[in-house]
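Engineer: Structure in C-alpha cells, see below.
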Amino acid sequence: MVVQDRRGGAVTLAVACGTGLAVGLLATGCSPDGAAADDQAPPARAAAASEVQRSADALVRAGSARVRTAMETASGGTRVAIRGTGTYDFRAASGRLRVLLPDPADQPREGHQPVTEILAPGALYMKNRGAGVPADKWVRVATASLDDGNLVTGGVTDPLTAAELLRGARKVTYRGEGRLGGVRVRHYRGTTDIEAAARAASRRSRPALVAAEKGFTTEVVPFDAYLDDAGRVRKVRERFQFANGAPQGALVTSTTELSGFGVKVRRVALPERSAIYAGRIASATP
C-alpha cells in the first residue's frame with residue numbers, strides 16, 4: 001500500500017487489493033445514534049471527558065484482552081474493508097493479530113492468505129504483506145516513521161494507541177447505557193485532539209501519536225467509545241480524515257472491540273533480524 005501525505009510524499013507499504021484503492025488506509029462502521037441529549041451541563045461533560053481520558057489506564061490494569069478490529073476506507077465512492085482478530089497485552093504494549101484483506105478481483109479466495117501482524121512498541125511486523133516479499137520473511141516498519149503513526153496504515157489500529165488517543169477527548173457527551181456482548185456499557189461520543197493526546201500519552205504510545213499529528217487533514221478525531229463498569233474500553237470507533245491526495249481526502253473509520261479481559265496471552269516473540277525482509281516492496285497494479 002502507498003500512503004501519501006499532504007506534501008505529496010509517499011510512505012511505501014505496498015499492497016493493492018482489486019478494488020483499485022491502495023490498502024494502507026483501512027477501517028469500519030457507522031456511528032450508532034445514542035439516546036442522551038447533547039445539551040448536557042458543563043460538569044456532566046467534564047465528568048464524561050475525564051472517564052474517557054482515563055480508559056487507557058483501565059486497560060493497562062486489565063492486563064490483556066481478545067481483540068477484534070475492523071477498518072473501512074471511503075474515497076472517491078469506493079469502500080475498502082479489512083478485519084482482524086487476535087490478542088493483546090496492554091502491559092507489554094504488544095499483540096498478534098490475523099488480518100484479512102479484501103479479496104483481489106483476479107485471485108480466488110482460497111489463494112488469498114491472511115496477513116499476520118505483530119504489534120510492538122515502536123514497530124509493526126507483517127508477514128505475507130507486500131508483493132515480492134518471500135513467504136518466510138517479515139516486513140518491519142518503524143511506526144514513528146509513518147505520517148499517521150500507524151493509526152491506519154497497517155489496516156489495524158494498535159489497541160493501546162486507540163485508547164491512548166482518547167486522552168485528548170474533548171466535548172464528550174454521555175449517550176446512554178446499552179449492552180455489548182452481554183456486558184453493560186456506557187456510550188460516550190465526542191472528539192479527541194491528536195496533539196493533546198500525544199502530550200498526555202504514555203512513553204510507549206507517545207512517538208506514534210506525535211507522528212500522527214502530521215498525517216491527517218485535521219487533528220480533531222470524532223469517536224464513539226463504549227466503557228464497561230470498570231472503565232475499560234469495550235469498543236471504540238474513531239474516524240480519521242486522511243490527506244491522501246484524494247479531492248476530499250480519505251475517510252477512514254477504525255473500530256476496535258475488546259473482550260475476555262485478563263485472558264492468558266503468550267509473550268509475543270519478535271522476528272529474528274535474519275527473518276526481516278530488507279528488499280523493496282513492489283506495488284501491485286490495481
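Naming scheme: A, B, ... for chains in displayed order of the C-alpha cells; residues 1 onward per chain; ligands 1 onward as shown.
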Can you list, as a list in words, every residue of region 49-132 of chain A that DSSP puts in helix (DSSP H, G or I)?
Structural biologist: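 So, restricting region 49-132 of chain A to helix (DSSP H, G or I), we get Ala49, Ser50, Glu51, Val52, Gln53, Ser55, Ala56, Asp57, Ala58, Leu59, Val60, Arg61, Ala62, Arg109, Glu110 and Gly111 of chain A.
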Engineer: Restricting the output to N, CA, C and O atoms, write the selected residues as an mmCIF file, in the first residue's frame.
Structural biologist:
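Now in part33.cif:
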```
data_model
loop_
_atom_site.group_PDB
_atom_site.id
_atom_site.type_symbol
_atom_site.label_atom_id
_atom_site.label_comp_id
_atom_site.auth_asym_id
_atom_site.auth_seq_id
_atom_site.Cartn_x
_atom_site.Cartn_y
_atom_site.Cartn_z
ATOM 1 N N ALA A 49 -15.773 13.425 29.896
ATOM 2 C CA ALA A 49 -14.464 13.522 29.257
ATOM 3 C C ALA A 49 -13.389 12.877 30.123
ATOM 4 O O ALA A 49 -12.514 12.159 29.628
ATOM 5 N N SER A 50 -13.467 13.103 31.435
ATOM 6 C CA SER A 50 -12.475 12.554 32.345
ATOM 7 C C SER A 50 -12.504 11.032 32.328
ATOM 8 O O SER A 50 -11.452 10.373 32.330
ATOM 9 N N GLU A 51 -13.695 10.455 32.312
ATOM 10 C CA GLU A 51 -13.787 8.990 32.302
ATOM 11 C C GLU A 51 -13.209 8.419 31.012
ATOM 12 O O GLU A 51 -12.486 7.416 31.036
ATOM 13 N N VAL A 52 -13.513 9.043 29.895
ATOM 14 C CA VAL A 52 -12.979 8.576 28.618
ATOM 15 C C VAL A 52 -11.455 8.714 28.590
ATOM 16 O O VAL A 52 -10.740 7.812 28.126
ATOM 17 N N GLN A 53 -10.938 9.819 29.083
ATOM 18 C CA GLN A 53 -9.491 10.047 29.082
ATOM 19 C C GLN A 53 -8.739 9.008 29.915
ATOM 20 O O GLN A 53 -7.583 8.691 29.622
ATOM 21 N N SER A 55 -9.568 5.843 30.260
ATOM 22 C CA SER A 55 -9.874 4.467 29.847
ATOM 23 C C SER A 55 -8.624 3.668 29.475
ATOM 24 O O SER A 55 -8.596 2.442 29.667
ATOM 25 N N ALA A 56 -7.580 4.331 28.976
ATOM 26 C CA ALA A 56 -6.346 3.607 28.647
ATOM 27 C C ALA A 56 -5.704 3.036 29.908
ATOM 28 O O ALA A 56 -5.168 1.920 29.899
ATOM 29 N N ASP A 57 -5.761 3.777 31.025
ATOM 30 C CA ASP A 57 -5.209 3.282 32.287
ATOM 31 C C ASP A 57 -5.961 2.039 32.759
ATOM 32 O O ASP A 57 -5.356 1.102 33.291
ATOM 33 N N ALA A 58 -7.282 2.013 32.544
ATOM 34 C CA ALA A 58 -8.077 0.857 32.943
ATOM 35 C C ALA A 58 -7.685 -0.375 32.138
ATOM 36 O O ALA A 58 -7.688 -1.495 32.660
ATOM 37 N N LEU A 59 -7.340 -0.187 30.872
ATOM 38 C CA LEU A 59 -6.919 -1.318 30.049
ATOM 39 C C LEU A 59 -5.578 -1.879 30.524
ATOM 40 O O LEU A 59 -5.382 -3.101 30.549
ATOM 41 N N VAL A 60 -4.668 -1.004 30.894
ATOM 42 C CA VAL A 60 -3.369 -1.476 31.405
ATOM 43 C C VAL A 60 -3.575 -2.273 32.685
ATOM 44 O O VAL A 60 -2.946 -3.320 32.895
ATOM 45 N N ARG A 61 -4.475 -1.812 33.538
ATOM 46 C CA ARG A 61 -4.770 -2.553 34.765
ATOM 47 C C ARG A 61 -5.371 -3.922 34.450
ATOM 48 O O ARG A 61 -5.127 -4.906 35.155
ATOM 49 N N ALA A 62 -6.166 -4.002 33.392
ATOM 50 C CA ALA A 62 -6.782 -5.273 33.000
ATOM 51 C C ALA A 62 -5.747 -6.276 32.521
ATOM 52 O O ALA A 62 -5.943 -7.484 32.637
ATOM 53 N N ARG A 109 -10.503 -16.806 -3.498
ATOM 54 C CA ARG A 109 -10.391 -16.680 -2.051
ATOM 55 C C ARG A 109 -9.431 -17.700 -1.458
ATOM 56 O O ARG A 109 -8.680 -17.408 -0.540
ATOM 57 N N GLU A 110 -9.433 -18.943 -1.990
ATOM 58 C CA GLU A 110 -8.577 -19.952 -1.399
ATOM 59 C C GLU A 110 -7.100 -19.633 -1.581
ATOM 60 O O GLU A 110 -6.242 -20.183 -0.890
ATOM 61 N N GLY A 111 -6.769 -18.743 -2.504
ATOM 62 C CA GLY A 111 -5.373 -18.375 -2.712
ATOM 63 C C GLY A 111 -4.980 -17.102 -1.991
ATOM 64 O O GLY A 111 -3.842 -16.671 -2.057
#
```
Engineer: Give me the region 144-187 of chain A side of the contact with region 218-229 of chain A, cut-off 9 Å, one line per residue showing its nearest atom pair and distance in Å at one decimal, counting only C-alpha atoms, sorted by chain and residue number, as a Markdown table.
Structural biologist:
```
| residue | atom | partner | partner_atom | distance |
| --- | --- | --- | --- | --- |
| A:Leu165 | CA | A:Val221 | CA | 9.0 |
| A:Leu166 | CA | A:Phe223 | CA | 8.4 |
| A:Ala169 | CA | A:Phe223 | CA | 8.8 |
| A:Glu177 | CA | A:Tyr226 | CA | 8.9 |
| A:Gly178 | CA | A:Tyr226 | CA | 8.8 |
| A:Leu180 | CA | A:Tyr226 | CA | 8.5 |
| A:Val183 | CA | A:Asp228 | CA | 7.2 |
| A:Arg184 | CA | A:Asp228 | CA | 6.1 |
| A:Val185 | CA | A:Asp228 | CA | 4.5 |
| A:Arg186 | CA | A:Leu227 | CA | 5.3 |
| A:His187 | CA | A:Tyr226 | CA | 4.5 |
```
Engineer: Using only C-alpha atoms, please write the residues we just selected to a file, as a PDB file, in the first residue's frame.
Structural biologist:
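result-v4.pdb, freshly written:
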```pdb
ATOM      1  CA  LEU A 165      -5.785   8.673  21.570  1.00  0.00           C
ATOM      2  CA  LEU A 166      -8.801   9.170  23.831  1.00  0.00           C
ATOM      3  CA  ALA A 169     -11.005  13.732  24.433  1.00  0.00           C
ATOM      4  CA  GLU A 177     -26.398   2.731  28.552  1.00  0.00           C
ATOM      5  CA  GLY A 178     -26.564  -0.406  26.467  1.00  0.00           C
ATOM      6  CA  LEU A 180     -22.290  -5.192  24.251  1.00  0.00           C
ATOM      7  CA  VAL A 183     -21.898  -6.666  29.215  1.00  0.00           C
ATOM      8  CA  ARG A 184     -23.429  -3.366  30.352  1.00  0.00           C
ATOM      9  CA  VAL A 185     -21.643  -0.422  28.744  1.00  0.00           C
ATOM     10  CA  ARG A 186     -21.853   3.366  28.818  1.00  0.00           C
ATOM     11  CA  HIS A 187     -21.736   5.072  25.438  1.00  0.00           C
TER      12      HIS A 187
END
```
Engineer: What is the distance, in Å and to one decimal place, between CA of Leu251 (chain A) and CA of Pro102 (chain A)?
Structural biologist: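 Atom-to-atom, CA of Leu251 (chain A) and CA of Pro102 (chain A) are spaced 17.5 Å apart.
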Engineer: In Å to one decimal, how far is CA of Arg237 (chain A) from CA of Leu100 (chain A)?
Structural biologist: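 About the pair CA of Leu100 (chain A) and CA of Arg237 (chain A): they are 18.9 Å apart.
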Engineer: Between A:Gly168, A:Gly149, A:Gly182, A:Pro159, which has the minimum distance to Gly86 (chain A) (counting only C-alpha atoms)?
Structural biologist: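 Using only C-alpha atoms, the shortest distance to Gly86 (chain A) belongs to A:Pro159.
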Engineer: By how many Å are CA of Lys264 (chain A) and CA of Arg96 (chain A) apart?
Structural biologist: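 A separation of 13.1 Å between them.
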Engineer: Just the residues within 12 Å of Arg273 (chain A), please, counting only C-alpha atoms, with nothing from its chain fewer than 3 positions along; format it as a JSON list (two decimals) with N, CA, C and O atoms, in the first residue's frame.
Structural biologist:
```json
[["chain", "number", "residue", "atom", "x", "y", "z"],
["A", 125, "TYR", "N", 5.28, -5.46, 12.60],
["A", 125, "TYR", "CA", 5.84, -6.54, 11.79],
["A", 125, "TYR", "C", 4.70, -7.20, 11.03],
["A", 125, "TYR", "O", 3.65, -7.50, 11.62],
["A", 137, "LYS", "N", 9.46, -14.41, 5.17],
["A", 137, "LYS", "CA", 10.05, -13.17, 5.66],
["A", 137, "LYS", "C", 8.98, -12.23, 6.23],
["A", 137, "LYS", "O", 7.81, -12.28, 5.86],
["A", 138, "TRP", "N", 9.44, -11.37, 7.12],
["A", 138, "TRP", "CA", 8.60, -10.34, 7.72],
["A", 138, "TRP", "C", 9.00, -8.97, 7.19],
["A", 138, "TRP", "O", 10.17, -8.72, 6.91],
["A", 139, "VAL", "N", 8.02, -8.09, 7.10],
["A", 139, "VAL", "CA", 8.28, -6.68, 6.80],
["A", 139, "VAL", "C", 8.21, -5.93, 8.13],
["A", 139, "VAL", "O", 7.24, -6.09, 8.89],
["A", 140, "ARG", "N", 9.23, -5.15, 8.43],
["A", 140, "ARG", "CA", 9.23, -4.36, 9.67],
["A", 140, "ARG", "C", 9.12, -2.89, 9.34],
["A", 140, "ARG", "O", 9.82, -2.38, 8.46],
["A", 270, "LEU", "N", 9.39, -11.42, 18.91],
["A", 270, "LEU", "CA", 9.64, -10.63, 17.70],
["A", 270, "LEU", "C", 10.50, -11.44, 16.73],
["A", 270, "LEU", "O", 11.35, -12.23, 17.15],
["A", 276, "ILE", "N", 13.83, -10.70, 8.74],
["A", 276, "ILE", "CA", 13.28, -9.42, 8.27],
["A", 276, "ILE", "C", 13.66, -9.20, 6.82],
["A", 276, "ILE", "O", 14.85, -9.29, 6.45],
["A", 277, "TYR", "N", 12.67, -8.90, 6.00],
["A", 277, "TYR", "CA", 12.91, -8.65, 4.57],
["A", 277, "TYR", "C", 13.51, -7.26, 4.39],
["A", 277, "TYR", "O", 12.97, -6.26, 4.91],
["A", 278, "ALA", "N", 14.63, -7.20, 3.69],
["A", 278, "ALA", "CA", 15.33, -5.92, 3.53],
["A", 278, "ALA", "C", 15.19, -5.36, 2.12],
["A", 278, "ALA", "O", 15.72, -4.28, 1.82]]
```
Engineer: I need the residue nearest Ser145 (chain A) from this list: A:Ala163, A:Leu124, A:Ala93, A:Val67. Use only C-alpha atoms for the distance.
Structural biologist: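 Under the stated criterion, the closest residue is A:Leu124.
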Engineer: So that each row is one residue of region 111-156 of chain A with an atom at most 8 Å from region 69-75 of chain A, can you give its shortest atom pair and the distance in Å to one decimal, using only C-alpha atoms, rows by chain and rising number, as a Markdown table?
Structural biologist:
```
| residue | atom | partner | partner_atom | distance |
| --- | --- | --- | --- | --- |
| A:Val152 | CA | A:Met71 | CA | 8.0 |
| A:Gly155 | CA | A:Met71 | CA | 6.4 |
| A:Val156 | CA | A:Thr69 | CA | 6.5 |
```
Engineer: Quick one: residues within 9 Å of Arg98 (chain A), only C-alpha atoms, excluding same-chain residues fewer than 2 positions away - as a list in words?
Structural biologist: Arg83, Gly84, Thr85, Gly86, Arg96, Leu100, Pro114, Val115, Thr116 and Glu117 of chain A
Engineer: I need the chosen residues saved as a PDB file, in the first residue's frame, with C-alpha atoms.
Structural biologist:
```pdb
ATOM      1  CA  ARG A  83     -10.895  -7.169   9.583  1.00  0.00           C
ATOM      2  CA  GLY A  84      -8.603  -8.666  12.182  1.00  0.00           C
ATOM      3  CA  THR A  85      -8.679 -10.895  15.262  1.00  0.00           C
ATOM      4  CA  GLY A  86      -6.127 -11.721  17.924  1.00  0.00           C
ATOM      5  CA  ARG A  96      -0.503 -10.603  17.492  1.00  0.00           C
ATOM      6  CA  LEU A 100      -7.990 -10.421   6.403  1.00  0.00           C
ATOM      7  CA  PRO A 114      -4.348 -13.613   5.720  1.00  0.00           C
ATOM      8  CA  VAL A 115      -1.679 -11.254   6.961  1.00  0.00           C
ATOM      9  CA  THR A 116      -0.054 -11.905  10.324  1.00  0.00           C
ATOM     10  CA  GLU A 117       0.733  -8.697  12.198  1.00  0.00           C
TER      11      GLU A 117
END
```
